[in-house]
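J.: Contents of target_25.txt (compact mmCIF, C-alpha atoms (C1' of nucleotides)) are below:
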# COMPACT_ATOMS: atom_id res chain seq x y z
CA MET A 1 -38.41 -43.49 32.00
CA ALA A 2 -37.40 -42.30 28.56
CA ALA A 3 -37.28 -44.77 25.70
CA SER A 4 -33.85 -46.33 25.24
CA PHE A 5 -31.36 -44.76 22.92
CA SER A 6 -31.35 -47.57 20.38
CA PHE A 7 -35.15 -47.60 20.28
CA ARG A 8 -35.35 -43.88 19.62
CA ALA A 9 -32.52 -44.11 17.12
CA GLU A 10 -34.18 -46.90 15.18
CA ALA A 11 -37.45 -45.00 15.07
CA ALA A 12 -35.75 -41.82 13.89
CA LEU A 13 -33.76 -43.62 11.22
CA ARG A 14 -36.87 -45.39 9.88
CA ARG A 15 -38.74 -42.13 9.83
CA ARG A 16 -36.19 -40.73 7.42
CA GLY A 17 -36.46 -43.79 5.15
CA GLY A 18 -33.64 -45.75 6.72
CA ARG A 19 -33.37 -49.49 7.25
CA MET A 20 -32.15 -51.73 10.00
CA THR A 21 -29.19 -54.00 9.40
CA ARG A 22 -27.48 -56.39 11.75
CA SER A 23 -24.38 -54.30 12.04
CA ARG A 24 -26.30 -51.09 12.49
CA ARG A 25 -28.24 -52.60 15.35
CA ALA A 26 -25.01 -53.82 16.88
CA LEU A 27 -23.62 -50.31 16.62
CA LEU A 28 -26.63 -48.76 18.32
CA ASP A 29 -26.52 -51.35 21.09
CA LEU A 30 -22.84 -50.74 21.62
CA ILE A 31 -23.26 -46.98 21.88
CA GLU A 32 -26.13 -47.43 24.28
CA SER A 33 -24.50 -49.98 26.53
CA HIS A 34 -20.95 -48.69 26.68
CA PRO A 35 -20.15 -46.83 29.89
CA ARG A 36 -18.16 -44.09 28.21
CA PRO A 37 -18.30 -42.20 24.92
CA LEU A 38 -16.38 -43.83 22.10
CA GLY A 39 -15.10 -42.40 18.85
CA PRO A 40 -15.57 -44.00 15.40
CA ARG A 41 -12.20 -45.72 15.62
CA GLU A 42 -12.99 -47.22 19.01
CA LEU A 43 -16.49 -48.23 17.96
CA HIS A 44 -15.03 -49.98 14.94
CA ARG A 45 -12.50 -51.88 17.04
CA GLU A 46 -15.02 -52.84 19.68
CA LEU A 47 -17.56 -54.08 17.13
CA ARG A 48 -14.96 -56.32 15.56
CA ARG A 49 -13.95 -57.63 18.97
CA ARG A 50 -17.59 -58.49 19.67
CA GLY A 51 -17.96 -60.45 16.47
CA THR A 52 -20.25 -57.99 14.69
CA PRO A 53 -17.72 -56.11 12.57
CA MET A 54 -18.64 -53.00 10.62
CA ASP A 55 -16.39 -51.23 8.18
CA LEU A 56 -14.82 -48.07 9.58
CA VAL A 57 -16.34 -46.01 6.80
CA SER A 58 -19.80 -47.27 7.71
CA VAL A 59 -19.22 -46.38 11.34
CA TYR A 60 -18.37 -42.85 10.28
CA ARG A 61 -21.49 -42.66 8.14
CA ASN A 62 -23.74 -43.98 10.87
CA VAL A 63 -22.29 -41.67 13.48
CA ALA A 64 -22.72 -38.71 11.13
CA ALA A 65 -26.36 -39.61 10.54
CA LEU A 66 -27.07 -39.95 14.25
CA LEU A 67 -25.36 -36.67 15.02
CA GLU A 68 -27.44 -34.99 12.37
CA LEU A 69 -30.59 -36.41 13.89
CA GLY A 70 -29.55 -35.01 17.24
CA LEU A 71 -29.41 -38.46 18.80
CA LEU A 72 -25.73 -38.25 19.57
CA HIS A 73 -23.63 -35.48 20.99
CA ARG A 74 -19.95 -35.05 20.52
CA VAL A 75 -17.58 -34.82 23.46
CA LEU A 76 -15.97 -31.42 22.96
CA GLY A 77 -12.56 -31.54 21.39
CA SER A 78 -12.79 -35.28 20.77
CA PRO A 79 -14.23 -37.62 18.16
CA ALA A 80 -16.14 -39.51 20.86
CA VAL A 81 -19.92 -39.40 20.95
CA ARG A 82 -22.46 -40.06 23.67
CA PRO A 83 -26.18 -40.72 23.38
CA CYS A 84 -28.30 -37.62 23.90
CA ALA A 85 -29.84 -37.94 27.36
CA GLY A 86 -33.28 -36.45 26.84
CA ARG A 87 -35.90 -37.03 24.23
CA GLU A 88 -35.37 -33.57 22.83
CA PRO A 89 -32.11 -33.05 21.00
CA ARG A 90 -31.43 -29.98 23.04
CA CYS A 91 -29.51 -30.38 26.27
CA HIS A 92 -25.83 -30.32 25.40
CA HIS A 93 -24.60 -29.94 28.96
CA ALA A 94 -22.36 -32.67 30.20
CA VAL A 95 -19.85 -33.57 32.88
CA VAL A 96 -16.94 -35.67 31.68
CA CYS A 97 -14.52 -37.59 33.86
CA THR A 98 -10.98 -36.87 32.78
CA ALA A 99 -9.77 -40.12 34.33
CA CYS A 100 -12.14 -42.83 33.10
CA GLY A 101 -13.83 -40.86 30.33
CA SER A 102 -17.35 -41.51 31.54
CA ALA A 103 -19.83 -38.77 30.75
CA ARG A 104 -23.24 -37.71 31.96
CA GLU A 105 -25.55 -35.07 30.63
CA PHE A 106 -27.40 -32.89 33.08
CA HIS A 107 -29.97 -30.19 33.24
CA SER A 108 -29.89 -27.19 35.52
CA ARG A 109 -32.55 -24.52 35.86
CA PRO A 110 -30.29 -21.94 37.55
CA LEU A 111 -27.70 -22.45 34.86
CA GLU A 112 -30.30 -21.85 32.16
CA ARG A 113 -31.33 -18.66 33.86
CA ALA A 114 -27.74 -17.46 34.16
CA LEU A 115 -27.19 -18.17 30.47
CA ALA A 116 -30.30 -16.20 29.59
CA GLY A 117 -28.82 -13.30 31.55
CA VAL A 118 -25.59 -13.54 29.60
CA ARG A 119 -27.49 -13.48 26.33
CA ARG A 120 -29.03 -10.18 27.28
CA ALA A 121 -25.70 -8.74 28.42
CA THR A 122 -23.67 -9.64 25.34
CA GLY A 123 -25.96 -8.17 22.72
CA PHE A 124 -25.68 -11.38 20.77
CA ASN A 125 -28.64 -13.22 19.41
CA VAL A 126 -27.55 -16.52 20.89
CA ARG A 127 -28.77 -19.62 19.06
CA GLU A 128 -27.00 -22.42 20.87
CA HIS A 129 -24.40 -23.06 23.48
CA LEU A 130 -21.79 -25.68 24.17
CA LEU A 131 -21.03 -26.49 27.76
CA GLU A 132 -18.93 -29.19 29.28
CA LEU A 133 -17.53 -29.58 32.77
CA ARG A 134 -14.44 -31.69 33.30
CA GLY A 135 -13.17 -33.31 36.41
CA LEU A 136 -13.17 -36.54 38.36
CA CYS A 137 -16.27 -38.64 38.79
CA ALA A 138 -17.12 -40.01 42.24
CA ALA A 139 -15.75 -43.46 41.44
CA CYS A 140 -12.40 -42.17 40.21
CA MET A 141 -12.14 -39.84 43.19
CA SER A 142 -12.53 -42.62 45.72
CA ARG A 143 -10.18 -44.79 43.68
CA ALA A 144 -7.40 -42.18 43.88
CA MET B 1 -6.76 -1.51 30.88
CA ALA B 2 -5.00 -4.84 30.64
CA ALA B 3 -1.64 -5.06 28.84
CA SER B 4 -1.98 -5.95 25.17
CA PHE B 5 -1.88 -9.53 24.08
CA SER B 6 1.39 -9.31 22.20
CA PHE B 7 3.05 -7.58 25.15
CA ARG B 8 1.94 -10.26 27.59
CA ALA B 9 2.83 -12.97 25.11
CA GLU B 10 6.32 -11.63 24.57
CA ALA B 11 6.89 -11.39 28.32
CA ALA B 12 5.66 -14.93 28.90
CA LEU B 13 7.78 -16.34 26.10
CA ARG B 14 10.89 -14.59 27.35
CA ARG B 15 10.23 -15.82 30.85
CA ARG B 16 10.45 -19.37 29.58
CA GLY B 17 13.73 -18.68 27.80
CA GLY B 18 12.24 -17.80 24.45
CA ARG B 19 13.40 -15.24 21.92
CA MET B 20 11.75 -12.71 19.71
CA THR B 21 12.04 -13.06 15.96
CA ARG B 22 10.58 -10.85 13.26
CA SER B 23 8.12 -13.46 12.17
CA ARG B 24 7.10 -14.30 15.69
CA ARG B 25 6.38 -10.68 16.41
CA ALA B 26 4.37 -10.47 13.20
CA LEU B 27 2.40 -13.51 14.29
CA LEU B 28 1.59 -12.04 17.70
CA ASP B 29 0.58 -8.74 16.14
CA LEU B 30 -1.65 -10.51 13.64
CA ILE B 31 -3.42 -12.52 16.33
CA GLU B 32 -3.89 -9.42 18.41
CA SER B 33 -5.16 -7.17 15.66
CA HIS B 34 -7.33 -9.54 13.68
CA PRO B 35 -11.05 -9.11 14.38
CA ARG B 36 -11.79 -12.80 14.43
CA PRO B 37 -10.04 -15.96 15.58
CA LEU B 38 -7.87 -17.58 12.91
CA GLY B 39 -6.53 -21.11 12.65
CA PRO B 40 -2.90 -22.02 11.86
CA ARG B 41 -3.66 -22.35 8.16
CA GLU B 42 -5.29 -18.93 8.01
CA LEU B 43 -2.56 -17.32 10.08
CA HIS B 44 0.00 -18.78 7.71
CA ARG B 45 -1.81 -17.44 4.63
CA GLU B 46 -2.38 -14.00 6.13
CA LEU B 47 1.24 -13.65 7.23
CA ARG B 48 2.42 -14.42 3.74
CA ARG B 49 -0.05 -11.93 2.31
CA ARG B 50 1.31 -9.28 4.64
CA GLY B 51 4.87 -9.84 3.55
CA THR B 52 6.07 -11.45 6.79
CA PRO B 53 5.80 -15.11 5.89
CA MET B 54 6.28 -17.85 8.45
CA ASP B 55 6.44 -21.53 7.68
CA LEU B 56 3.24 -23.39 8.47
CA VAL B 57 5.09 -25.71 10.82
CA SER B 58 6.39 -22.74 12.78
CA VAL B 59 2.90 -21.33 13.03
CA TYR B 60 1.76 -24.62 14.53
CA ARG B 61 4.65 -24.60 16.98
CA ASN B 62 4.04 -21.01 18.06
CA VAL B 63 0.32 -21.55 18.47
CA ALA B 64 0.98 -24.67 20.53
CA ALA B 65 3.35 -22.78 22.80
CA LEU B 66 0.90 -19.93 23.31
CA LEU B 67 -1.94 -22.34 24.04
CA GLU B 68 0.24 -24.08 26.59
CA LEU B 69 1.02 -20.77 28.25
CA GLY B 70 -2.69 -20.07 28.46
CA LEU B 71 -2.38 -16.97 26.29
CA LEU B 72 -4.60 -18.36 23.57
CA HIS B 73 -7.87 -20.20 23.72
CA ARG B 74 -9.24 -22.47 21.08
CA VAL B 75 -12.61 -21.89 19.51
CA LEU B 76 -14.50 -25.09 20.31
CA GLY B 77 -14.66 -27.54 17.46
CA SER B 78 -12.31 -25.49 15.32
CA PRO B 79 -8.57 -24.96 14.91
CA ALA B 80 -9.02 -21.20 15.35
CA VAL B 81 -7.56 -19.47 18.39
CA ARG B 82 -8.31 -16.19 20.10
CA PRO B 83 -6.24 -14.23 22.58
CA CYS B 84 -7.22 -14.86 26.18
CA ALA B 85 -9.12 -11.80 27.34
CA GLY B 86 -7.98 -11.48 30.94
CA ARG B 87 -4.58 -11.52 32.53
CA GLU B 88 -5.30 -14.83 34.16
CA PRO B 89 -5.46 -17.82 31.83
CA ARG B 90 -8.76 -18.81 33.28
CA CYS B 91 -11.92 -17.43 31.71
CA HIS B 92 -12.78 -19.69 28.82
CA HIS B 93 -16.25 -18.30 28.28
CA ALA B 94 -16.90 -16.81 24.89
CA VAL B 95 -19.60 -15.74 22.50
CA VAL B 96 -18.90 -16.50 18.87
CA CYS B 97 -20.72 -15.04 15.90
CA THR B 98 -21.69 -17.81 13.50
CA ALA B 99 -21.88 -15.33 10.61
CA CYS B 100 -18.67 -13.29 10.74
CA GLY B 101 -16.73 -15.48 13.16
CA SER B 102 -15.89 -12.70 15.58
CA ALA B 103 -15.52 -13.79 19.16
CA ARG B 104 -15.54 -12.13 22.55
CA GLU B 105 -14.77 -13.56 25.93
CA PHE B 106 -16.92 -12.56 28.84
CA HIS B 107 -17.20 -12.99 32.55
CA SER B 108 -20.44 -13.50 34.46
CA ARG B 109 -20.83 -13.74 38.20
CA PRO B 110 -24.27 -15.37 38.13
CA LEU B 111 -23.01 -17.91 35.66
CA GLU B 112 -20.09 -18.76 37.91
CA ARG B 113 -22.48 -19.24 40.79
CA ALA B 114 -24.76 -21.47 38.75
CA LEU B 115 -21.79 -23.58 37.68
CA ALA B 116 -20.71 -23.93 41.29
CA GLY B 117 -24.20 -25.24 42.03
CA VAL B 118 -23.91 -27.79 39.27
CA ARG B 119 -20.59 -28.96 40.64
CA ARG B 120 -22.24 -29.75 43.93
CA ALA B 121 -25.19 -31.50 42.28
CA THR B 122 -23.21 -33.79 39.99
CA GLY B 123 -20.87 -35.24 42.56
CA PHE B 124 -17.97 -34.56 40.22
CA ASN B 125 -14.82 -32.84 41.34
CA VAL B 126 -14.90 -30.35 38.51
CA ARG B 127 -11.54 -28.97 37.44
CA GLU B 128 -12.40 -26.91 34.41
CA HIS B 129 -15.22 -26.09 32.11
CA LEU B 130 -15.67 -25.24 28.47
CA LEU B 131 -18.43 -22.85 27.56
CA GLU B 132 -19.21 -21.17 24.31
CA LEU B 133 -22.34 -19.37 23.15
CA ARG B 134 -23.08 -19.14 19.45
CA GLY B 135 -25.26 -16.76 17.59
CA LEU B 136 -25.28 -13.51 15.70
CA CYS B 137 -23.36 -10.48 16.84
CA ALA B 138 -25.05 -7.07 16.82
CA ALA B 139 -23.38 -6.04 13.57
CA CYS B 140 -24.40 -9.17 11.68
CA MET B 141 -27.93 -8.91 13.06
CA SER B 142 -28.45 -5.38 11.77
CA ARG B 143 -26.83 -6.36 8.48
CA ALA B 144 -29.35 -9.17 7.94
C1' DT C 1 32.24 -10.30 16.84
C1' DG C 2 31.90 -14.96 18.37
C1' DT C 3 29.16 -18.53 20.77
C1' DT C 4 25.09 -20.98 22.00
C1' DA C 5 20.59 -22.37 22.05
C1' DA C 6 16.16 -21.07 20.31
C1' DA C 7 13.48 -20.65 16.00
C1' DC C 8 13.01 -21.63 11.61
C1' DG C 9 12.21 -23.99 6.95
C1' DC C 10 11.95 -28.01 4.33
C1' DA C 11 10.75 -32.70 3.35
C1' DA C 12 8.84 -36.75 4.65
C1' DC C 13 5.54 -38.97 7.41
C1' DT C 14 1.27 -40.29 10.29
C1' DG C 15 -3.37 -40.55 11.12
C1' DT C 16 -8.08 -39.10 10.55
C1' DG C 17 -11.80 -38.71 7.99
C1' DT C 18 -13.94 -38.67 2.99
C1' DT C 19 -15.33 -40.02 -1.77
C1' DG C 20 -16.45 -43.16 -5.66
C1' DC C 21 -18.16 -47.21 -6.91
C1' DA C 22 -19.44 -51.99 -7.10
C1' DT C 23 -21.91 -55.32 -4.23
C1' DC C 24 -25.08 -56.86 -0.86
C1' DT C 25 -29.24 -56.45 2.11
C1' DT C 26 -33.54 -54.77 3.78
C1' DC C 27 -38.30 -54.17 3.02
C1' DG C 28 -42.47 -53.11 0.60
C1' DC C 29 -45.17 -55.15 -2.87
C1' DT C 30 -47.12 -58.71 -5.73
C1' DA D 1 -42.32 -66.83 -1.19
C1' DG D 2 -39.75 -63.94 -4.28
C1' DC D 3 -38.81 -59.76 -6.88
C1' DG D 4 -37.17 -55.11 -7.39
C1' DA D 5 -35.83 -50.43 -5.82
C1' DA D 6 -33.40 -47.91 -2.58
C1' DG D 7 -30.56 -47.94 1.33
C1' DA D 8 -26.43 -49.77 3.57
C1' DT D 9 -22.01 -51.81 3.30
C1' DG D 10 -17.07 -52.76 2.11
C1' DC D 11 -13.02 -51.76 -0.31
C1' DA D 12 -9.62 -48.87 -2.41
C1' DA D 13 -8.02 -44.59 -3.30
C1' DC D 14 -7.85 -40.06 -1.89
C1' DA D 15 -7.61 -35.38 0.61
C1' DC D 16 -6.07 -32.89 4.33
C1' DA D 17 -4.55 -31.53 8.95
C1' DG D 18 -1.09 -31.78 11.90
C1' DT D 19 3.68 -33.84 13.38
C1' DT D 20 8.59 -35.25 13.39
C1' DG D 21 13.50 -35.15 12.14
C1' DC D 22 17.13 -32.58 10.88
C1' DG D 23 20.11 -29.24 8.95
C1' DT D 24 20.30 -24.04 8.76
C1' DT D 25 19.52 -19.41 10.38
C1' DT D 26 19.21 -15.94 13.84
C1' DA D 27 18.45 -13.61 18.40
C1' DA D 28 20.67 -12.77 22.71
C1' DC D 29 24.43 -12.01 25.33
C1' DA D 30 29.14 -11.93 26.59
Could you render the structure as structure tokens?
T.:
Amino acid sequence: MAASFSFRAEAALRRRGGRMTRSRRALLDLIESHPRPLGPRELHRELRRRGTPMDLVSVYRNVAALLELGLLHRVLGSPAVRPCAGREPRCHHAVVCTACGSAREFHSRPLERALAGVRRATGFNVREHLLELRGLCAACMSRA
Amino acid sequence: MAASFSFRAEAALRRRGGRMTRSRRALLDLIESHPRPLGPRELHRELRRRGTPMDLVSVYRNVAALLELGLLHRVLGSPAVRPCAGREPRCHHAVVCTACGSAREFHSRPLERALAGVRRATGFNVREHLLELRGLCAACMSRA
DNA sequence: TGTTAAACGCAACTGTGTTGCATCTTCGCT
DNA sequence: AGCGAAGATGCAACACAGTTGCGTTTAACA
């Protein structure tokens, strides 16, 4: 099992000379435990509700730092962020439920191979790719 | 060869009861002819430069309408839009050059198949997907 | 050429995210 | 333990994208 998000995040932040405050820990825990990706505004609201408030500006700054470290990924076309699934800040593939907002990252060998084929065909020197599937998760499907 | 973007756009707009103004035609022509996707702000500036100015608000409204009709696609994580390549407002796959900004949509059978496989594996009822590859186009590569 | 509804332009507004700066807190060091 | 430097925070002010309301202009069609 991979180390938890907040553990990896703390380690990465310390490595770059960062420190650990109460509110920062609360933020990491929230991101890790919440079932769906939240944006800065939502994180701010939820932290206040939980009794560990953090200024909105600080939320923005923390989220920016974690994105830069590759520990968070953005939901495409949204301010919401989700913890990066793997250890490596690499796999950006995700499925997102359009009903409840829950997201899951995934890895697919055949998909990687198909993308490699596309790289060759386009003549581009492809450096990265963004991929997100949208639909209904199993829970929301049975609920409907 | 598929009908040009501005032709299809005009037809679609008329079908929904729309009309054709000078500035709207200039906007469609600009989007069609420009080598890279532009955002509302850039479209507004370029139209003024060309002597067929359109109010920024109107640019936003036109772009919104064309997006809704599926005639434009957004560049992910950017306000820029590009004309949809095919007749069907379906293929959202694109390669984008991170140097010059040029974009091209593409279609790939193997990729489609791989995505279908992922659908099955995730248990999601996938409705749509966003996919964008980023890198250097051939021209920018040889230039470097 | 007159009528009607779509487009347009302008001004004011909303909301998101950022910057500057003073204050507070962590953490290594004595 | 406690001191000091650097990081983190909070607050206020700001910058900027995008939107709304509304009066005016203009395309389309009779």
J.: Residues of chain A within 7 Å of chain D, using all atoms listed in the file, as a list in words?
T.: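 Filtering chain A at 7 Å from chain D with all atoms listed in the file gives Gly18, Arg19, Asp55 and Ser58 of chain A.
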J.: For a test of reading the model, state the distance in Å between atom CA of Pro40 of chain B and atom CA of Arg25 of chain B, rounded to one decimal.
T.: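 A separation of 15.3 Å between them.
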J.: Atom CA of Arg113 of chain A and atom CA of Phe5 of chain A, how far apart in Å?
T.: 28.3 Å
J.: Define the interface residues of chain B facing chain C as those within 10 Å, counting only C-alpha atoms (C1' of nucleotides), and report them as a ChimeraX atom specification.
T.: /B:17-21,23-24,54-58,61-62
J.: Please identify every residue of segment 26-129 of chain B that has at least one atom no farther than 9 Å from an atom of segment 76-81 of chain A, counting all atoms listed in the file, and for each give the shortest atom pair and the distance in Å to one decimal, arranged by chain then increasing number, as a tab-separated table.
T.:
residue	atom	partner	partner_atom	distance
B:Leu76	CA	A:Gly77	CA	6.8
B:Gly77	CA	A:Gly77	CA	6.0
B:Ser78	CA	A:Gly77	CA	8.6
J.: Take the residues from that selection and put them in a file with C-alpha atoms, as a tab-separated table (two decimals), in the coordinates of the input.
T.:
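out-v2.tsv, written as the output of this step:
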chain	number	residue	atom	x	y	z
B	76	LEU	CA	-14.50	-25.09	20.31
B	77	GLY	CA	-14.66	-27.54	17.46
B	78	SER	CA	-12.31	-25.49	15.32
